[in-house]
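Asks: What follows is start-v1.pdb, PDB, C-alpha atoms, pLDDT in the B column.
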```
ATOM      1  CA  MET F1141       3.696  22.371   0.356  1.00 94.00           C
ATOM      2  CA  THR F1142       2.283  22.236  -3.156  1.00 97.00           C
ATOM      3  CA  SER F1143      -0.113  19.559  -4.343  1.00 97.00           C
ATOM      4  CA  MET F1144       2.581  17.898  -6.426  1.00 97.00           C
ATOM      5  CA  GLN F1145       5.054  17.956  -3.525  1.00 97.00           C
ATOM      6  CA  ALA F1146       2.445  16.242  -1.352  1.00 98.00           C
ATOM      7  CA  ALA F1147       1.862  13.560  -3.996  1.00 98.00           C
ATOM      8  CA  VAL F1148       5.588  12.957  -4.447  1.00 98.00           C
ATOM      9  CA  LEU F1149       6.016  12.727  -0.662  1.00 98.00           C
ATOM     10  CA  TYR F1150       3.641   9.764  -0.650  1.00 98.00           C
ATOM     11  CA  ALA F1151       5.425   8.248  -3.658  1.00 97.00           C
ATOM     12  CA  GLY F1152       8.595   8.308  -1.572  1.00 98.00           C
ATOM     13  CA  LEU F1153       6.895   6.899   1.518  1.00 98.00           C
ATOM     14  CA  PHE F1154       5.364   4.072  -0.482  1.00 98.00           C
ATOM     15  CA  CYS F1155       8.727   3.325  -2.099  1.00 97.00           C
ATOM     16  CA  LEU F1156      10.049   2.931   1.444  1.00 97.00           C
ATOM     17  CA  LEU F1157       7.141   0.656   2.393  1.00 97.00           C
ATOM     18  CA  MET F1158       7.745  -1.484  -0.702  1.00 97.00           C
ATOM     19  CA  LEU F1159      11.440  -1.782   0.200  1.00 97.00           C
ATOM     20  CA  LEU F1160      10.511  -2.904   3.712  1.00 96.00           C
ATOM     21  CA  LEU F1161       8.103  -5.519   2.363  1.00 96.00           C
ATOM     22  CA  LYS F1162      10.773  -6.730  -0.075  1.00 96.00           C
ATOM     23  CA  ALA F1163      13.323  -6.960   2.746  1.00 96.00           C
ATOM     24  CA  ASN F1164      10.832  -8.963   4.790  1.00 95.00           C
ATOM     25  CA  VAL F1165      10.456 -11.482   1.959  1.00 94.00           C
ATOM     26  CA  GLY F1166      14.245 -11.821   1.876  1.00 93.00           C
ATOM     27  CA  ARG F1167      14.380 -12.235   5.645  1.00 95.00           C
ATOM     28  CA  VAL F1168      11.749 -14.981   5.602  1.00 92.00           C
ATOM     29  CA  ARG F1169      13.479 -16.689   2.640  1.00 93.00           C
ATOM     30  CA  THR F1170      16.757 -16.757   4.526  1.00 92.00           C
ATOM     31  CA  LYS F1171      15.196 -17.882   7.795  1.00 91.00           C
ATOM     32  CA  HIS F1172      13.307 -20.779   6.200  1.00 91.00           C
ATOM     33  CA  LYS F1173      15.914 -21.551   3.515  1.00 89.00           C
ATOM     34  CA  VAL F1174      13.477 -21.110   0.631  1.00 87.00           C
ATOM     35  CA  GLY F1175      15.393 -20.332  -2.556  1.00 85.00           C
ATOM     36  CA  PHE F1176      12.523 -20.111  -5.013  1.00 87.00           C
ATOM     37  CA  GLY F1177       8.761 -19.787  -4.788  1.00 85.00           C
ATOM     38  CA  ASP F1178       7.202 -20.384  -1.397  1.00 83.00           C
ATOM     39  CA  GLY F1179       8.588 -23.858  -0.703  1.00 88.00           C
ATOM     40  CA  GLY F1180       5.220 -24.847   0.765  1.00 86.00           C
ATOM     41  CA  ASN F1181       6.119 -22.740   3.810  1.00 88.00           C
ATOM     42  CA  GLU F1182       3.209 -20.795   5.336  1.00 88.00           C
ATOM     43  CA  ALA F1183       5.369 -17.921   6.604  1.00 90.00           C
ATOM     44  CA  MET F1184       6.884 -17.573   3.126  1.00 91.00           C
ATOM     45  CA  GLN F1185       3.440 -17.671   1.523  1.00 90.00           C
ATOM     46  CA  ARG F1186       2.221 -14.906   3.861  1.00 91.00           C
ATOM     47  CA  SER F1187       5.242 -12.656   3.260  1.00 93.00           C
ATOM     48  CA  LEU F1188       4.895 -13.074  -0.507  1.00 94.00           C
ATOM     49  CA  ARG F1189       1.153 -12.350  -0.316  1.00 92.00           C
ATOM     50  CA  VAL F1190       1.705  -9.221   1.785  1.00 93.00           C
ATOM     51  CA  GLN F1191       4.174  -7.903  -0.773  1.00 95.00           C
ATOM     52  CA  GLY F1192       2.006  -9.020  -3.695  1.00 94.00           C
ATOM     53  CA  ASN F1193      -1.070  -7.339  -2.301  1.00 94.00           C
ATOM     54  CA  ALA F1194       0.843  -4.073  -1.973  1.00 96.00           C
ATOM     55  CA  VAL F1195       2.113  -4.452  -5.544  1.00 96.00           C
ATOM     56  CA  GLU F1196      -1.514  -4.745  -6.678  1.00 96.00           C
ATOM     57  CA  ASP F1197      -2.857  -1.717  -4.783  1.00 96.00           C
ATOM     58  CA  VAL F1198      -0.077   0.818  -4.267  1.00 97.00           C
ATOM     59  CA  PRO F1199       0.682   1.733  -7.915  1.00 97.00           C
ATOM     60  CA  VAL F1200      -2.969   2.454  -8.710  1.00 96.00           C
ATOM     61  CA  VAL F1201      -3.472   4.801  -5.772  1.00 98.00           C
ATOM     62  CA  LEU F1202      -0.094   6.496  -6.291  1.00 97.00           C
ATOM     63  CA  LEU F1203      -0.994   7.148  -9.909  1.00 97.00           C
ATOM     64  CA  GLY F1204      -4.192   8.771  -8.682  1.00 98.00           C
ATOM     65  CA  LEU F1205      -2.380  10.884  -6.080  1.00 98.00           C
ATOM     66  CA  ILE F1206       0.176  12.073  -8.618  1.00 98.00           C
ATOM     67  CA  GLY F1207      -2.647  12.838 -11.038  1.00 98.00           C
ATOM     68  CA  LEU F1208      -4.368  14.887  -8.352  1.00 98.00           C
ATOM     69  CA  GLY F1209      -1.100  16.695  -7.706  1.00 98.00           C
ATOM     70  CA  ALA F1210      -0.724  17.463 -11.406  1.00 97.00           C
ATOM     71  CA  LEU F1211      -4.262  18.844 -11.464  1.00 97.00           C
ATOM     72  CA  ALA F1212      -3.489  21.035  -8.427  1.00 96.00           C
ATOM     73  CA  ALA F1213      -6.070  19.392  -6.183  1.00 98.00           C
ATOM     74  CA  PRO F1214      -5.789  20.654  -2.596  1.00 98.00           C
ATOM     75  CA  ALA F1215      -2.662  19.388  -0.870  1.00 98.00           C
ATOM     76  CA  LEU F1216      -4.808  18.626   2.184  1.00 98.00           C
ATOM     77  CA  LEU F1217      -6.863  16.170   0.108  1.00 98.00           C
ATOM     78  CA  ILE F1218      -3.695  14.451  -1.104  1.00 98.00           C
ATOM     79  CA  HIS F1219      -2.319  14.279   2.448  1.00 98.00           C
ATOM     80  CA  GLY F1220      -5.605  12.874   3.750  1.00 98.00           C
ATOM     81  CA  LEU F1221      -5.714  10.187   1.074  1.00 98.00           C
ATOM     82  CA  GLY F1222      -1.998   9.412   1.211  1.00 98.00           C
ATOM     83  CA  ALA F1223      -1.761   9.198   4.998  1.00 98.00           C
ATOM     84  CA  SER F1224      -4.932   7.113   5.253  1.00 98.00           C
ATOM     85  CA  PHE F1225      -3.692   4.774   2.548  1.00 98.00           C
ATOM     86  CA  LEU F1226      -0.313   4.393   4.253  1.00 98.00           C
ATOM     87  CA  ILE F1227      -1.992   3.544   7.567  1.00 97.00           C
ATOM     88  CA  GLY F1228      -4.258   1.059   5.796  1.00 97.00           C
ATOM     89  CA  ARG F1229      -1.400  -0.660   4.009  1.00 96.00           C
ATOM     90  CA  VAL F1230       0.698  -0.917   7.187  1.00 96.00           C
ATOM     91  CA  LEU F1231      -2.256  -2.349   9.127  1.00 95.00           C
ATOM     92  CA  HIS F1232      -2.906  -4.823   6.338  1.00 94.00           C
ATOM     93  CA  ALA F1233       0.759  -5.898   6.194  1.00 93.00           C
ATOM     94  CA  ILE F1234       0.904  -6.427   9.954  1.00 93.00           C
ATOM     95  CA  GLY F1235      -2.421  -8.274  10.023  1.00 92.00           C
ATOM     96  CA  LEU F1236      -1.772 -10.575   7.074  1.00 87.00           C
ATOM     97  CA  GLY F1237       1.894 -11.003   7.958  1.00 83.00           C
ATOM     98  CA  GLY F1238       0.986 -12.289  11.410  1.00 80.00           C
ATOM     99  CA  SER F1239      -1.850 -14.645  10.505  1.00 72.00           C
ATOM    100  CA  SER F1240      -3.089 -16.433   7.419  1.00 66.00           C
ATOM    101  CA  GLY F1241      -6.654 -16.062   8.684  1.00 72.00           C
ATOM    102  CA  GLY F1242      -8.701 -12.998   9.428  1.00 77.00           C
ATOM    103  CA  SER F1243      -7.319 -10.338  11.731  1.00 86.00           C
ATOM    104  CA  PHE F1244      -8.120  -6.796  12.846  1.00 91.00           C
ATOM    105  CA  GLY F1245      -5.208  -5.338  10.867  1.00 90.00           C
ATOM    106  CA  ARG F1246      -6.055  -7.209   7.711  1.00 90.00           C
ATOM    107  CA  SER F1247      -9.766  -6.346   7.868  1.00 93.00           C
ATOM    108  CA  VAL F1248      -9.332  -2.672   8.742  1.00 96.00           C
ATOM    109  CA  GLY F1249      -6.411  -2.289   6.344  1.00 95.00           C
ATOM    110  CA  THR F1250      -8.470  -3.738   3.511  1.00 94.00           C
ATOM    111  CA  LEU F1251     -11.407  -1.465   4.335  1.00 97.00           C
ATOM    112  CA  ILE F1252      -9.208   1.652   4.470  1.00 98.00           C
ATOM    113  CA  THR F1253      -7.544   0.657   1.193  1.00 97.00           C
ATOM    114  CA  ALA F1254     -10.899   0.234  -0.552  1.00 97.00           C
ATOM    115  CA  LEU F1255     -12.239   3.534   0.795  1.00 98.00           C
ATOM    116  CA  VAL F1256      -9.124   5.441  -0.240  1.00 98.00           C
ATOM    117  CA  MET F1257      -9.271   3.878  -3.712  1.00 98.00           C
ATOM    118  CA  LEU F1258     -12.915   4.870  -4.023  1.00 98.00           C
ATOM    119  CA  VAL F1259     -12.346   8.472  -2.896  1.00 98.00           C
ATOM    120  CA  THR F1260      -9.214   8.773  -5.053  1.00 98.00           C
ATOM    121  CA  THR F1261     -11.216   7.515  -8.044  1.00 98.00           C
ATOM    122  CA  GLY F1262     -13.936  10.079  -7.444  1.00 98.00           C
ATOM    123  CA  ALA F1263     -11.463  12.904  -6.839  1.00 98.00           C
ATOM    124  CA  CYS F1264      -9.528  12.116 -10.013  1.00 98.00           C
ATOM    125  CA  ILE F1265     -12.687  12.145 -12.099  1.00 98.00           C
ATOM    126  CA  TRP F1266     -13.951  15.296 -10.384  1.00 97.00           C
ATOM    127  CA  TYR F1267     -10.735  17.293 -10.839  1.00 97.00           C
ATOM    128  CA  ALA F1268     -10.273  16.038 -14.407  1.00 97.00           C
ATOM    129  CA  VAL F1269     -13.669  17.280 -15.590  1.00 96.00           C
ATOM    130  CA  ALA F1270     -14.076  20.331 -13.328  1.00 87.00           C
TER     131      ALA F1270
END
```
Translate this structure into structure tokens?
Replies:
Amino acid sequence: MTSMQAAVLYAGLFCLLMLLLKANVGRVRTKHKVGFGDGGNEAMQRSLRVQGNAVEDVPVVLLGLIGLGALAAPALLIHGLGASFLIGRVLHAIGLGGSSGGSFGRSVGTLITALVMLVTTGACIWYAVA
């Protein structure tokens, strides 16, 4: 698998994750009969926040992964970052989706996300100037 194929694989996987998060918002809306906004409903607030948090983080990291693919960074690096990020985002979604307070999934997912963003940042700069 080439570097760009690896990056595009994660673009596809994160598109799937975003669709699942979107479907969850729809499911919670239907269940709690919330037509607009969050209706003051905690479950609706959590589902919207889970999706919103992914919307904030996923595009930035995907842009970095695709940039690394374009610069022919090692596919193994892209797989390591992409798979770690996917695990982190799933853990975060499960943790935040299940509790509005702190949880293992939310904490570990946030930590993994931050680490992957940091390493992706460094790798992008490194491969751009090397």
Asks: Calculate how many Å separate atom CA of Gly1262 of chain F from atom CA of Gln1191 of chain F, rounding to one decimal.
Replies: 26.4 Å
Asks: Evaluate the PyMOL selection byres ((chain F and resi 1235) around 12) against this structure - the residues, as a list in words, please.
Replies: Arg1186, Ser1187, Arg1189, Val1190, Gly1228, Arg1229, Val1230, Leu1231, His1232, Ala1233, Ile1234, Leu1236, Gly1237, Gly1238, Ser1239, Ser1240, Gly1241, Gly1242, Ser1243, Phe1244, Gly1245, Arg1246, Ser1247, Val1248, Gly1249 and Thr1250 of chain F
Asks: Have a look at atom CA of Asn1164 of chain F and atom CA of Val1195 of chain F and let me know their distance in Å, one decimal.
Replies: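 According to the coordinates, atom CA of Asn1164 of chain F and atom CA of Val1195 of chain F are separated by 14.3 Å.
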Asks: Please indicate the distance in Å from atom CA of Leu1221 of chain F to atom CA of Gly1207 of chain F, rounded to one decimal place.
Replies: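 Answer for the atom CA of Leu1221 of chain F to atom CA of Gly1207 of chain F separation: 12.8 Å.
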Asks: F:Ala1163, F:Met1144, F:Ile1206, F:Leu1211: which is nearest Val1269 of chain F, counting only C-alpha atoms?
Replies: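 The closest residue to Val1269 of chain F is F:Leu1211.
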Asks: At a cut-off of 12 Å, using only C-alpha atoms, what residues contact Val1201 of chain F? Leave out same-chain residues fewer than 4 positions from it and give the result as a ChimeraX atom specification.
Replies: /F:1147,1150-1151,1154,1194-1197,1205-1208,1218,1221-1226,1229,1253-1264
